[in-house]
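Novice: Can you keep this structure in mind? I'll have questions shortly.
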Amino acid sequence: MTFDAEAVYTELHAHFRGRIRRNESLSRHCTFGVGGLADVWIALDSRDELMNLVRLCAERRWPLLLVGNGTNTLYADTGVRGIVARNVLNKYTIEEQGDGTALLLAEAGVSWPRLLNELAPLGWGGLEFGPGIPGTLGGGVISNAGAHNSDMSQVLEWIEVFDARGSSVDQYSVPMVRRYQHNELDLSYRHSRFRELRRVRFNEQGNPMAAARSLIEPAEIITRLGIRLHREEPQKLRKLIEQYKQHRKKTQPVQQSAGSVFKNPPGDFAGRLIEQAGMKGTIHGKAQISDRHANFIVNSGGASAADVVALIREARNRVHEKFGVDLELEVELRGEWGEYRVQPEAQ
Ligand SMILES: Cc1cc2nc3c(=O)[nH]c(=O)nc-3n(C[C@H](O)[C@H](O)[C@H](O)COP(=O)(O)OP(=O)(O)OC[C@H]3O[C@@H](n4cnc5c(N)ncnc54)[C@H](O)[C@@H]3O)c2cc1C
């Protein structure tokens, strides 16, 4: 089935109006500031809207990619075919439990830093470790985002997903709402059950190979979360948040990036290994391994995804040669990676 982007855009425009765009540059929607065009780009701002779009795409076999704030994503220079939908669902409520805790019921598109700024004055603690994590809560579940010795797994109780795993280019099955409890999510260091499926592998030359994509990608879309909060002095929360922000300012580069590029290997730091391998400050095109923190690749202005990939390959190969350590990517690859994509296995 072919995807007629012009016809899809025209059909959906009647509903989305100013929130739908044709041939939208993805470099505007990720913190790396790189990436080609999305055929059709949409900002979704309600759960009904999200679920209706997923149903429609599954029925019509339109490829759909759902993303959050794009702070952990490297888009291909050739962009993304089909629809890219950004989750900007941002409502939340706080249910006090009467025992000094509360359940935060949040939509998955809530931005972590914004939420913190609102929770701290109310005296609700739990998420204060993340002022430097610029993503959405949904994106934070995928990678079990964390910092300062805490992570999402310590506060997350459950999530709700819209499950479209039954639909593919060849078949349609009605997507359904499903709830996962904490213990079903397989959360560990920068890992969740959702990540295993799209783990980036490396070929013999050391090029990253994007995982195969499904018609509705991810096939399980997080729509809502339940997070446990606890009572804390607003003053103490503000102080911690400020302290974490200052730490970031001192240790992380200011240029565009997607945070840490590689996961830390057990018992070590990816940044230390890359630095010791002599790669700190290395430039390729308009991308650079940060001279402030070697696990950050920064866009010095006008970098391409190919520039970033060249540095990923070089850093990983050098670390492997020198230390025998195989670094794993922390950043996710999205879009049309051509030969750098793992082909789906024949059925
Ligand atoms: C300067 C900087 C500092 C950072 N520091 C940290 C840090 O300290 N700790 C840390 O853990 N991370 C850090 N990050 C990385 C990033 O902010 C986190 O990984 C964040 O959780 C990603 O959220 P996002 O909404 O931007 O996800 P995106 O990049 O938009 O998406 C990431 C992946 O999740 C999928 N996804 C997004 N939303 C959903 C959803 N609702 N349902 C299903 N799948 C979804 C997307 O398809 C994509 O594959 C940093 C990034 C930057 C730029």
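Identifiers for the structure tokens are assigned positionally: chains receive A, B, ... in sequence, residues are indexed from 1 per chain, and ligands are indexed from 1 in the order shown.
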Considering only C-alpha atoms, tabulate each residue of segment 223-327 of chain A that lies at most 10 Å from segment 5-27 of chain A along with its nearest interatomic pair and the corresponding distance in Å to one decimal; arrange the rows by chain and ascending residue number and present them as a Markdown table.

Specialist:
```
| residue | atom | partner | partner_atom | distance |
| --- | --- | --- | --- | --- |
| A:Gly302 | CA | A:Ser27 | CA | 9.7 |
| A:Ala303 | CA | A:Ser27 | CA | 9.9 |
| A:Ser304 | CA | A:Ser27 | CA | 9.4 |
| A:Ala305 | CA | A:Ser27 | CA | 9.8 |
```

Novice: Residues within 6 Å of ligand 1 should be enumerated using only C-alpha atoms and all ligand atoms and returned as a PyMOL selection string.

Specialist: chain A and resi 31+66-73+108+132-136+138-140+142-143+145-147+218+221-223+257-259+332

Novice: Tell me which protein, DNA and RNA residues are within 12 Å of segment 100-103 of chain A, counting only C-alpha atoms, leaving out same-chain ones fewer than 4 positions away, and put them as a ChimeraX atom specification.

Specialist: /A:92-96,119,122-126,155-158,225-233

Novice: Go ahead and write the residues just picked, C-alpha atoms, as a PDB file, in the first residue's frame.

Specialist:
```
ATOM      1  CA  TYR A  92      -2.294  15.955  35.038  1.00  0.00           C
ATOM      2  CA  THR A  93      -4.067  15.695  38.380  1.00  0.00           C
ATOM      3  CA  ILE A  94      -2.798  14.959  41.886  1.00  0.00           C
ATOM      4  CA  GLU A  95      -4.800  12.594  44.108  1.00  0.00           C
ATOM      5  CA  GLU A  96      -3.803  12.943  47.760  1.00  0.00           C
ATOM      6  CA  LEU A 119       5.211  20.388  41.882  1.00  0.00           C
ATOM      7  CA  LEU A 122       3.084  22.571  46.060  1.00  0.00           C
ATOM      8  CA  GLY A 123       5.439  20.530  48.250  1.00  0.00           C
ATOM      9  CA  TRP A 124       5.271  17.279  46.236  1.00  0.00           C
ATOM     10  CA  GLY A 125       8.552  15.429  45.847  1.00  0.00           C
ATOM     11  CA  GLY A 126       9.539  12.352  43.841  1.00  0.00           C
ATOM     12  CA  VAL A 155       8.358   6.458  41.451  1.00  0.00           C
ATOM     13  CA  LEU A 156       6.392   4.870  38.618  1.00  0.00           C
ATOM     14  CA  GLU A 157       3.389   2.746  39.667  1.00  0.00           C
ATOM     15  CA  TRP A 158       1.702   1.911  36.357  1.00  0.00           C
ATOM     16  CA  LEU A 225       1.069   7.187  33.907  1.00  0.00           C
ATOM     17  CA  GLY A 226       0.564   6.849  37.633  1.00  0.00           C
ATOM     18  CA  ILE A 227       3.485   8.233  39.665  1.00  0.00           C
ATOM     19  CA  ARG A 228       3.873   8.135  43.454  1.00  0.00           C
ATOM     20  CA  LEU A 229       4.721  11.510  45.021  1.00  0.00           C
ATOM     21  CA  HIS A 230       5.548  12.256  48.632  1.00  0.00           C
ATOM     22  CA  ARG A 231       5.274  15.301  50.881  1.00  0.00           C
ATOM     23  CA  GLU A 232       8.446  17.404  50.983  1.00  0.00           C
ATOM     24  CA  GLU A 233       9.349  20.935  52.079  1.00  0.00           C
TER      25      GLU A 233
END
```

Novice: Of the candidates A:Ser290, A:Leu74, A:His247, A:Leu50, which shows the shortest atom-to-atom distance to Gly33 of chain A, using only C-alpha atoms?

Specialist: A:Leu74

Novice: Hey, which of A:Val308, A:Val331, A:Ile216, A:Ile83 ends up closest to Phe3 of chain A? Count only C-alpha atoms.

Specialist: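 Closest to Phe3 of chain A of all the choices is A:Ile83.
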
Novice: Please return as a PyMOL selection string: the residues of segment 68-209 of chain A that backbone DSSP assigns to strand (DSSP E).

Specialist: chain A and resi 73-75+80-87+92-96+101-107+124-125+146-147+150-151+156-163+176-181+201-202+208-209

Novice: Can you tell me how far atom CA of Arg114 of chain A sits from atom CA of Asp186 of chain A, in Å to one decimal?

Specialist: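 Value for the atom CA of Arg114 of chain A-atom CA of Asp186 of chain A distance: 26.9 Å.
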
Novice: Among segment 9-214 of chain A, which ones does DSSP place in alpha helix (DSSP H), written as an MDAnalysis selection string?

Specialist: chainID A and resid 9:16 47:60 112:122 137:142 193:196

Novice: Based on the selection just made, write C-alpha atoms of those residues as a compact mmCIF listing (two decimals), in the first residue's frame.

Specialist:
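result.txt, freshly written:
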```txt
# COMPACT_ATOMS: atom_id res chain seq x y z
CA TYR A 9 -2.43 15.91 4.66
CA THR A 10 -5.50 17.33 2.94
CA GLU A 11 -7.80 14.87 4.70
CA LEU A 12 -6.36 15.46 8.17
CA HIS A 13 -6.01 19.22 7.77
CA ALA A 14 -9.75 19.65 8.22
CA HIS A 15 -9.33 18.49 11.84
CA PHE A 16 -5.81 19.54 12.85
CA ARG A 47 -5.87 11.41 24.34
CA ASP A 48 -8.94 10.99 22.12
CA GLU A 49 -7.12 12.63 19.27
CA LEU A 50 -4.14 10.31 19.74
CA MET A 51 -6.31 7.18 19.89
CA ASN A 52 -8.38 8.23 16.86
CA LEU A 53 -5.24 8.88 14.83
CA VAL A 54 -3.75 5.50 15.78
CA ARG A 55 -7.03 3.75 14.82
CA LEU A 56 -7.19 5.58 11.51
CA CYS A 57 -3.55 4.86 10.63
CA ALA A 58 -3.98 1.18 11.51
CA GLU A 59 -7.14 0.92 9.38
CA ARG A 60 -5.71 2.78 6.38
CA TRP A 112 9.37 16.81 32.99
CA PRO A 113 11.03 20.21 33.71
CA ARG A 114 7.69 22.04 33.50
CA LEU A 115 6.07 19.56 35.89
CA LEU A 116 8.87 19.95 38.43
CA ASN A 117 8.49 23.69 38.48
CA GLU A 118 4.83 23.23 39.33
CA LEU A 119 5.21 20.39 41.88
CA ALA A 120 7.97 21.97 43.97
CA PRO A 121 5.95 24.97 45.22
CA LEU A 122 3.08 22.57 46.06
CA LEU A 137 7.17 11.57 31.01
CA GLY A 138 6.25 9.01 28.32
CA GLY A 139 9.73 9.23 26.78
CA GLY A 140 11.10 8.91 30.32
CA VAL A 141 9.41 5.53 30.81
CA ILE A 142 10.85 4.16 27.56
CA ARG A 193 10.48 -3.74 28.06
CA PHE A 194 9.82 -1.36 25.13
CA ARG A 195 13.47 -0.71 24.40
CA GLU A 196 14.60 -4.24 23.80
```

Novice: Point out the residue among A:Glu128, A:Glu184, A:Asp151, A:Glu328 with the least atom-to-atom distance to Lys236 of chain A, counting only C-alpha atoms.

Specialist: A:Glu128

Novice: Taking only C-alpha atoms into account, which of A:Asp170, A:Glu321, A:Glu339, A:Asp4 comes nearest Asn207 of chain A?

Specialist: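 Checking each of A:Asp170, A:Glu321, A:Glu339, A:Asp4 against Asn207 of chain A, counting only C-alpha atoms, the winner is A:Glu339.
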
Novice: From the set A:Val254, A:Met152, A:Ala38, A:Leu329, which residue has the shortest atom-to-atom contact distance to Val298 of chain A, counting only C-alpha atoms?

Specialist: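 Nearest candidate to Val298 of chain A out of A:Val254, A:Met152, A:Ala38, A:Leu329: A:Val254.
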
Novice: Tell me which protein, DNA and RNA residues are within 12 Å of Leu37 of chain A, counting only C-alpha atoms, leaving out same-chain ones fewer than 2 positions away, and put them as a ChimeraX atom specification.

Specialist: /A:21-29,34-35,39-41,75-84,334-336

Novice: Could those residues be written to a file, using C-alpha atoms, as a PDB file, in the first residue's frame?

Specialist:
```
ATOM      1  CA  ARG A  21       2.320  20.426   8.526  1.00  0.00           C
ATOM      2  CA  ARG A  22       3.520  18.978   5.271  1.00  0.00           C
ATOM      3  CA  ASN A  23       7.252  18.357   4.691  1.00  0.00           C
ATOM      4  CA  GLU A  24       8.184  19.556   8.159  1.00  0.00           C
ATOM      5  CA  SER A  25      11.885  19.611   9.033  1.00  0.00           C
ATOM      6  CA  LEU A  26      12.495  17.268  11.951  1.00  0.00           C
ATOM      7  CA  SER A  27      15.573  19.263  12.903  1.00  0.00           C
ATOM      8  CA  ARG A  28      13.087  21.712  14.449  1.00  0.00           C
ATOM      9  CA  HIS A  29      11.659  18.995  16.674  1.00  0.00           C
ATOM     10  CA  VAL A  34      19.419  17.428  12.769  1.00  0.00           C
ATOM     11  CA  GLY A  35      17.169  15.330  10.544  1.00  0.00           C
ATOM     12  CA  ASP A  39       6.009  13.761   5.066  1.00  0.00           C
ATOM     13  CA  VAL A  40       3.288  14.853   7.479  1.00  0.00           C
ATOM     14  CA  TRP A  41       3.838  16.209  10.981  1.00  0.00           C
ATOM     15  CA  TYR A  75      16.474  11.485  12.985  1.00  0.00           C
ATOM     16  CA  ALA A  76      17.924  10.342   9.647  1.00  0.00           C
ATOM     17  CA  ASP A  77      18.944  12.963   7.075  1.00  0.00           C
ATOM     18  CA  THR A  78      16.342  11.427   4.759  1.00  0.00           C
ATOM     19  CA  GLY A  79      13.613  12.114   7.323  1.00  0.00           C
ATOM     20  CA  VAL A  80      10.587   9.960   8.084  1.00  0.00           C
ATOM     21  CA  ARG A  81       8.046   8.589   5.600  1.00  0.00           C
ATOM     22  CA  GLY A  82       4.464   8.693   6.737  1.00  0.00           C
ATOM     23  CA  ILE A  83       3.151  10.674   9.704  1.00  0.00           C
ATOM     24  CA  VAL A  84       5.220  11.858  12.672  1.00  0.00           C
ATOM     25  CA  ARG A 334      14.373   7.161  13.976  1.00  0.00           C
ATOM     26  CA  GLY A 335      13.544   7.604  10.297  1.00  0.00           C
ATOM     27  CA  GLU A 336      14.759   6.213   6.996  1.00  0.00           C
TER      28      GLU A 336
END
```

Novice: Which one of A:Ile289, A:Met209, A:Ala164, A:Val261 sits closest to Gly338 of chain A if you count only C-alpha atoms?

Specialist: A:Met209

Novice: Just to confirm, what's the straight-line distance from atom CA of Cys30 of chain A to atom CA of Glu220 of chain A in Å (one decimal)?

Specialist: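 So the answer is 21.4 Å.
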
Novice: Just the number, please: distance in Å from atom CA of Asn299 of chain A to atom CA of Ser192 of chain A, one decimal.

Specialist: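 Atom CA of Ser192 of chain A lies at a distance of 28.2 Å from atom CA of Asn299 of chain A.
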